[in-house]
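Just below is one structure, and these are the notes that go with it.
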Amino acid sequence: MIRAVSGLRMVLAAFALAAFAFFLIGPLVNLALWSVAERWYTPYKLPVVYGTRYWEQVFRPTGDAMASLGTSVWIAVLTVLVALALSIPAGYALARLKLPARAFFMVLFLLPQAFPSVAIYINVARVFYSLGINGTVFAVVLVHAAHGLVYSVWIAAAAFAAVDKDLELAARNIGASPLKAFFSVTLPLAAPGIIASGIFVFLESLDEFTGTFFVGVPQVTTLPLLLYSAAMGGNYQVASITALILLVPSVLFMLFIERFLRADVLAKVGA
Amino acid sequence: MSLSQRNLALLLIAPGLALVAALFLYPLCFSLISAFTGPEGGFSLQAFGKAWELYSGDVVFTVIIVLSSCLLTGLAAIVIAGTLTLGENRWIVGTLKALYRWPLFIPFIVAAQCMRTFLAKNGLMNNTFVSLGLMEPLQAMSFLDWRGIIATFVWKQTPFVALLLAGALAALDRATLEAGRNLGASRMRVLVELALPQVMPQLLVALVLSFVTMLSVLSVPMMVAGSQPTMLTVDMAFRINAYGDYATANALGVITYLISAGAAIIYLKRGMAKENAP
Amino acid sequence: MRIITLACSLAALIVASPLSAQTLNVASAGDQNMVDYVKDYLGPMFEKAHPGVKVVSVGTGPGDSGSQKIYEKLDAQKGAASTDFDVLVIHQKAAGQMVKEGLLNKYTANVETAKLATGDSAKNSLGTDVSGFVIPMFQSQTALAYNADMVKTPPATFAELADWAKKNPKQFGYNGIKGGMSGVSFVAGWVYAFGGDAEKLMKGPYDAATKTSWDKAFADLKAFNANVVITPGNAGTLDMLNRGEIAIGPVWVDMFYSWQADGKLPPNMKLKLISPGMPGQPMYYAVPEKSAQKKLAEAFIALATSPQVQADGIVKKFNWYPGIDAKNLEGKLDKAAWDKLFTDVTPAELAKNGKPFPIAPYFNDILEGYEKKVAN
């Protein structure tokens, strides 16, 4: 009886997993199919003609897909560094220290994500032109960092808040300085959350289009610019291929960070 | 220590705030001024009047879409993160772990495009069902309306919430959870009664961030659903592109911001109430 | 803080590497194929003729929003000594606005080929006088695309279409007015057909009272909408035609041909320009007032609007209607390519039923009337 029940549960679980996988993977399969579809129209349920014509188009010598990809990744990495450098102290202050008007500050960080960006970027571009930094990677990184900061600050604050205060106190009691206690106890414990926030900042930067256009173009061009005009115009093949290309750095970045996490940080979590 | 905690806190938060102030607060002022200025100059609520007259329905539509997407995202993320943490079947946990994160890496605009061809009446989803014999061709219907928007949002945001939640669950004290299991509680009960309350802050942070992100996405409502009714981002883009009317667009922006600030404050209030509790 | 300093210096390093000695920046509001047209076709051709010059092509997205982005960028640069862009490819609405605000350079007197474009659209952009500031790159037109397998005899007028949609519910689809210009164009065509004096809407003068006379047209359109599908965007209409979910929908002719070339439309799709007519508009070449490379920009546009390039690039490559007057292309093009352009819509039909958009104030009234009376 029990075996039958558990067998049934297994079947149900497998079925649920299959349904889940379908809804999860289906759209991605769709993406992959479009990237190699040269002809696909009704009443055919799958592409009529497959081919690599659009891959060749994206990687043609005059198209600078790879150079744009390089710029995109470079900007994204710098953005993560800037955002984390700003958000680790800010997150700690928000989570641990007696900060006046804490809610107000938290909402402030949400602002760049919440307010529609076009109107803002015009004015940012105006300021940057007067400073002479428009069209530089630095300007783009600043804009991306401000945009992604909400992820890193909010998540860092939550991560610090989740660290047991007693552990920090214990470290202090055995003679560690506040700074040492922070770096040897609090930061490692909060690291998984902070690193996860780094992934989101990275992805956010890799997707960003509007800000890059206003403060970077034409000197700095990124891959999402190509993606944007291709996708908005319904150029499925080129947009799918661009998206697949952008997938590579994103996944590599996450794998890299997970490796780093496992070796270095997770060991300390249990200790 | 010479520095008071309060000053230290302000010092730590200052660089981040400075960036936001320079790149958003300052430019935002221009937008606010434009939203509150009448056509003849001077203070006026005319833009808000127009925004409300034309788009009140879309405000409600937007809030409902985003709230239901958050709710479904939260549920899906709990199921996924719960299975990852408490699942006992190695095979299922492994498969799930390998799969669930992929949508995270797909930009919204591509997700929208994928969904448009996936959820359509003769899209890949319905075609698959028909081919598998699960459905008659005549029963096929299009999901390219509010359902499509919600589906796309949930598809795209669930990995984000699940990733944060799974991280928080993994950091929990395993011993308590094991003890619960040993006392005979089902995995479901352990998850809902023991584990979830401890990771509520992380779940809520992830959901508030998702809420705000969904509010600000233009491509999904634009590309997945027809425009009547639609979400506020589409209306804003339309005011600017069709009429060059920045005032009303900015007024809609202020409304969007108030909605997201509302969500943030509810979350923060709850957090503070808990802190003040003994 | 050390990280930031490091990042800054690294960033500075990248910036320090200079671009080519002379760079011509071309910004196109339009689909990726228009950006690629400059990048792969015009750019290399121009670079060959002007050694040492590098052409950089940037896209800002299709539709009026793409043009709006170019406008916003120029506006943000008002205080700067020179603009980032040297050549613009923009829509009519933005062109009118930029001329009014003094953002464009009056350059066409310096470009010989400007004389080849004598149509009304070279001078008048939605009621704004733009002569001297623009040369059309290509003309585009909206028309109904239909699946000839599903629709044997397509409707020929708006009234017939309304009947057809009633008999075939959910078989006609358009994208409302917020999802792109093909839907806007359909609505404008509807008002031309049922709203009274269409000539006045296209030519002016503007009279704010006119809009009240459209109430019946809008009420009918609302009833019509109950039987149609509202599609997600210009591309959304084509997309639904691709999958056979709708049988008829308004599309841009240029997009229609690109989609067909990309294998995203069934081979039996056809176009029909119904009467009393649907609007079309050109894309314009323009030069910003503060461009640092005016001479090069003019040379570039002269090349782009030369009869040979218009014949090979615009007509043959993309099936777009040429920007300069068609008679200048005679002898530059084989007959097959020319005929292909007019397979579905004959030159006579195009002349009769290809209309301009309404002048800007009426245009806004139509859009806002639709928002208030049809969409609500």
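The chains in the structure tokens are called A, B, ... from first to last as shown; in each chain the residues are counted from 1, and the ligands are counted from 1 in the order shown.
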
Proximal residues of chain B relative to chain C (only C-alpha atoms; 6 Å) as a PyMOL selection string: chain B and resi 223-226+238+241

Proximal residues of chain C relative to chain A (only C-alpha atoms; 6 Å) as a PyMOL selection string: chain C and resi 4+11+15+31-32+61-62+76+235+242-244+263-266

Go ahead and write the residues just picked, C-alpha atoms, as a short mmCIF file (atom, residue, chain, number, x, y, z; two decimals), in the first residue's frame.
```cif
data_model
loop_
_atom_site.label_atom_id
_atom_site.label_comp_id
_atom_site.auth_asym_id
_atom_site.auth_seq_id
_atom_site.Cartn_x
_atom_site.Cartn_y
_atom_site.Cartn_z
CA ILE C 4 36.22 52.55 -7.89
CA ALA C 11 37.49 52.95 -17.92
CA VAL C 15 38.09 55.79 -23.61
CA ASP C 31 14.21 48.47 -38.10
CA GLN C 32 17.50 46.63 -37.91
CA GLY C 61 14.47 51.41 -32.74
CA PRO C 62 11.60 51.36 -35.18
CA ALA C 76 20.05 67.09 -24.65
CA ALA C 235 5.25 43.36 -35.90
CA ASN C 242 2.32 34.57 -40.30
CA ARG C 243 0.57 32.03 -38.10
CA GLY C 244 -2.76 32.34 -39.87
CA GLY C 263 10.61 33.73 -44.62
CA LYS C 264 8.20 34.90 -41.94
CA LEU C 265 5.10 35.19 -44.12
CA PRO C 266 3.28 32.53 -46.12
#
```

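The list of residues with at least one atom within 9 Å of Ala196 of chain A, based on only C-alpha atoms and without residues fewer than 4 positions apart in the same chain, reads Ser152, Ile155, Ala191, Pro192, Phe200, Val201, Met254 and Ile257 of chain A; Leu163, Leu164 and Gly167 of chain B.
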
Every residue of segment 151-268 of chain B that DSSP places in helix (DSSP H, G or I), as a ChimeraX atom specification: /B:151-170,174-182,187-216,219-224,232-243,246-268

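Nearest residue to Ala146 of chain A among A:Leu110, A:Ala190, A:Ile195, A:Ala162 is A:Leu110, counting only C-alpha atoms.
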
Backbone DSSP call of strand (DSSP E) for segment 117-167 of chain C, listed as a ChimeraX atom specification: /C:124-125,128-129,135-147
